[in-house]
$ cat model_21.txt   # compact mmCIF, C-alpha atoms
# COMPACT_ATOMS: atom_id res chain seq x y z
CA MET A 1 -18.77 -13.20 -25.81
CA GLN A 2 -17.89 -15.09 -22.66
CA LYS A 3 -16.70 -18.65 -22.64
CA VAL A 4 -18.24 -20.72 -19.86
CA ILE A 5 -16.26 -23.62 -18.48
CA GLU A 6 -18.20 -26.43 -16.87
CA PHE A 7 -16.54 -28.91 -14.57
CA PRO A 8 -17.80 -32.49 -14.44
CA GLY A 9 -19.11 -33.84 -11.18
CA PRO A 10 -21.79 -32.95 -8.63
CA LYS A 11 -22.80 -29.33 -8.44
CA SER A 12 -22.22 -27.65 -5.13
CA GLU A 13 -25.07 -25.87 -3.47
CA ALA A 14 -24.78 -22.24 -2.52
CA VAL A 15 -24.38 -21.63 1.17
CA SER A 16 -26.92 -19.17 2.52
CA GLU A 17 -25.01 -18.22 5.66
CA PRO A 18 -24.31 -14.53 6.17
CA PRO A 19 -20.67 -13.53 5.76
CA ALA A 20 -18.65 -13.54 8.95
CA VAL A 21 -17.81 -10.14 10.39
CA ALA A 22 -14.07 -9.63 10.34
CA ALA A 23 -12.29 -8.45 13.44
CA PRO A 24 -11.19 -4.83 13.31
CA PRO A 25 -7.65 -4.37 12.04
CA SER A 26 -4.88 -4.05 14.56
CA MET A 27 -2.81 -0.88 14.93
CA GLU A 28 0.50 -2.67 15.50
CA PRO A 29 1.18 -3.68 11.86
CA ILE A 30 0.23 -0.21 10.63
CA LEU A 31 2.49 1.47 13.18
CA ALA A 32 5.31 -0.88 12.23
CA VAL A 33 4.92 0.18 8.58
CA VAL A 34 4.87 3.86 9.57
CA ASP A 35 8.04 3.38 11.62
CA SER A 36 9.81 1.48 8.84
CA LEU A 37 8.85 4.04 6.19
CA SER A 38 9.97 6.90 8.44
CA ARG A 39 13.38 5.32 9.04
CA THR A 40 13.84 4.55 5.34
CA LEU A 41 12.85 8.11 4.44
CA ASP A 42 15.44 9.47 6.89
CA CYS A 43 18.12 7.29 5.28
CA ILE A 44 17.19 8.47 1.80
CA LYS A 45 17.24 12.11 2.95
CA THR A 46 20.77 11.55 4.28
CA MET A 47 21.86 9.91 1.03
CA CYS A 48 20.34 12.77 -1.01
CA ALA A 49 22.35 15.27 1.01
CA ALA A 50 25.55 13.34 0.20
CA GLU A 51 24.75 13.00 -3.51
CA PRO A 52 24.71 16.51 -5.07
CA ASN A 53 23.22 15.59 -8.47
CA GLY A 54 23.13 12.98 -11.20
CA SER A 55 21.22 9.81 -11.97
CA VAL A 56 21.68 8.39 -8.45
CA ARG A 57 20.20 11.55 -6.95
CA ASP A 58 17.27 11.38 -9.39
CA LYS A 59 16.51 7.79 -8.38
CA LEU A 60 16.76 8.70 -4.70
CA GLU A 61 14.35 11.60 -5.20
CA THR A 62 11.88 9.29 -6.94
CA GLU A 63 12.08 6.77 -4.11
CA ARG A 64 11.74 9.60 -1.60
CA ALA A 65 8.53 10.78 -3.29
CA ASN A 66 7.11 7.24 -3.22
CA LEU A 67 8.00 6.87 0.46
CA VAL A 68 6.33 10.18 1.34
CA ILE A 69 3.14 8.99 -0.38
CA GLY A 70 3.32 5.60 1.36
CA LEU A 71 3.94 7.23 4.71
CA PHE A 72 0.94 9.50 4.23
CA VAL A 73 -1.30 6.55 3.33
CA ALA A 74 -0.08 4.54 6.32
CA ARG A 75 -0.69 7.45 8.70
CA VAL A 76 -4.20 7.98 7.32
CA ALA A 77 -4.88 4.25 7.77
CA ALA A 78 -3.65 4.46 11.36
CA MET A 79 -5.94 7.43 12.04
CA ARG A 80 -8.92 5.61 10.53
CA VAL A 81 -8.27 2.45 12.52
CA SER A 82 -7.85 4.40 15.74
CA SER A 83 -11.11 6.27 15.10
CA GLY A 84 -13.01 3.12 14.14
CA GLU A 85 -13.60 4.07 10.48
CA PRO A 86 -13.68 1.20 7.98
CA VAL A 87 -10.38 0.73 6.15
CA LEU A 88 -10.54 0.20 2.39
CA ASP A 89 -8.40 -2.46 0.72
CA THR A 90 -6.04 -0.33 -1.36
CA ALA A 91 -3.51 -3.09 -1.90
CA SER A 92 -5.46 -4.39 -4.89
CA SER A 93 -6.03 -0.97 -6.45
CA ASN A 94 -4.03 0.28 -9.41
CA LEU A 95 -2.86 3.59 -8.01
CA PRO A 96 -0.08 5.36 -9.90
CA ILE A 97 3.39 5.54 -8.41
CA ALA A 98 5.40 8.75 -8.67
CA SER A 99 8.24 8.63 -11.16
CA ARG A 100 10.49 11.05 -12.99
CA ARG A 101 10.45 11.04 -16.75
$ encode --input "model_21.txt" --output "structure tokens"
Amino acid sequence: MQKVIEFPGPKSEAVSEPPAVAAPPSMEPILAVVDSLSRTLDCIKTMCAAEPNGSVRDKLETERANLVIGLFVARVAAMRVSSGEPVLDTASSNLPIASRR
């Protein structure tokens, strides 16, 4: 059962205008994310090489896996934007994040 909340005052009328067409996304923010993720991934690879094993290494490997996934998604988004394909809003989705258990 849903509870409906009514607010006092005049009721607003629905606007029948068509939704505005958004401008196509820009490549610069996507490329900045790709660059940032790539540099962070390089740093984590260097830190993994210096840390032979243990809990720090495990955490670094988990972060590395997450960065690889993020880098892949960012590169796919860049390819879609450059080809003119529509980009889906994945920021609001509940996608799983890699973790070690």
$ atom_distance --input "model_21.txt" --atom1 "atom CA of Ile30 of chain A" --atom2 "atom CA of Val81 of chain A"
9.1 Å
$ residues_around --input "model_21.txt" --residues "Cys43 of chain A" --least-positions-apart "5" --cutoff "12 Å" --atoms "all atoms listed in the file" --output "list in words"
Ser36, Leu37, Ser38, Cys48, Ala49, Ala50, Leu60, Glu61, Glu63, Arg64 and Leu67 of chain A
$ write_last_selection --input "model_21.txt" --atoms "C-alpha atoms" --output "PDB file, keeping the file's coordinate frame"
ATOM      1  CA  SER A  36       9.810   1.480   8.840  1.00  0.00           C
ATOM      2  CA  LEU A  37       8.850   4.040   6.190  1.00  0.00           C
ATOM      3  CA  SER A  38       9.970   6.900   8.440  1.00  0.00           C
ATOM      4  CA  CYS A  48      20.340  12.770  -1.010  1.00  0.00           C
ATOM      5  CA  ALA A  49      22.350  15.270   1.010  1.00  0.00           C
ATOM      6  CA  ALA A  50      25.550  13.340   0.200  1.00  0.00           C
ATOM      7  CA  LEU A  60      16.760   8.700  -4.700  1.00  0.00           C
ATOM      8  CA  GLU A  61      14.350  11.600  -5.200  1.00  0.00           C
ATOM      9  CA  GLU A  63      12.080   6.770  -4.110  1.00  0.00           C
ATOM     10  CA  ARG A  64      11.740   9.600  -1.600  1.00  0.00           C
ATOM     11  CA  LEU A  67       8.000   6.870   0.460  1.00  0.00           C
TER      12      LEU A  67
END
$ atom_distance --input "model_21.txt" --atom1 "atom CA of Ala74 of chain A" --atom2 "atom CA of Arg57 of chain A"
25.2 Å
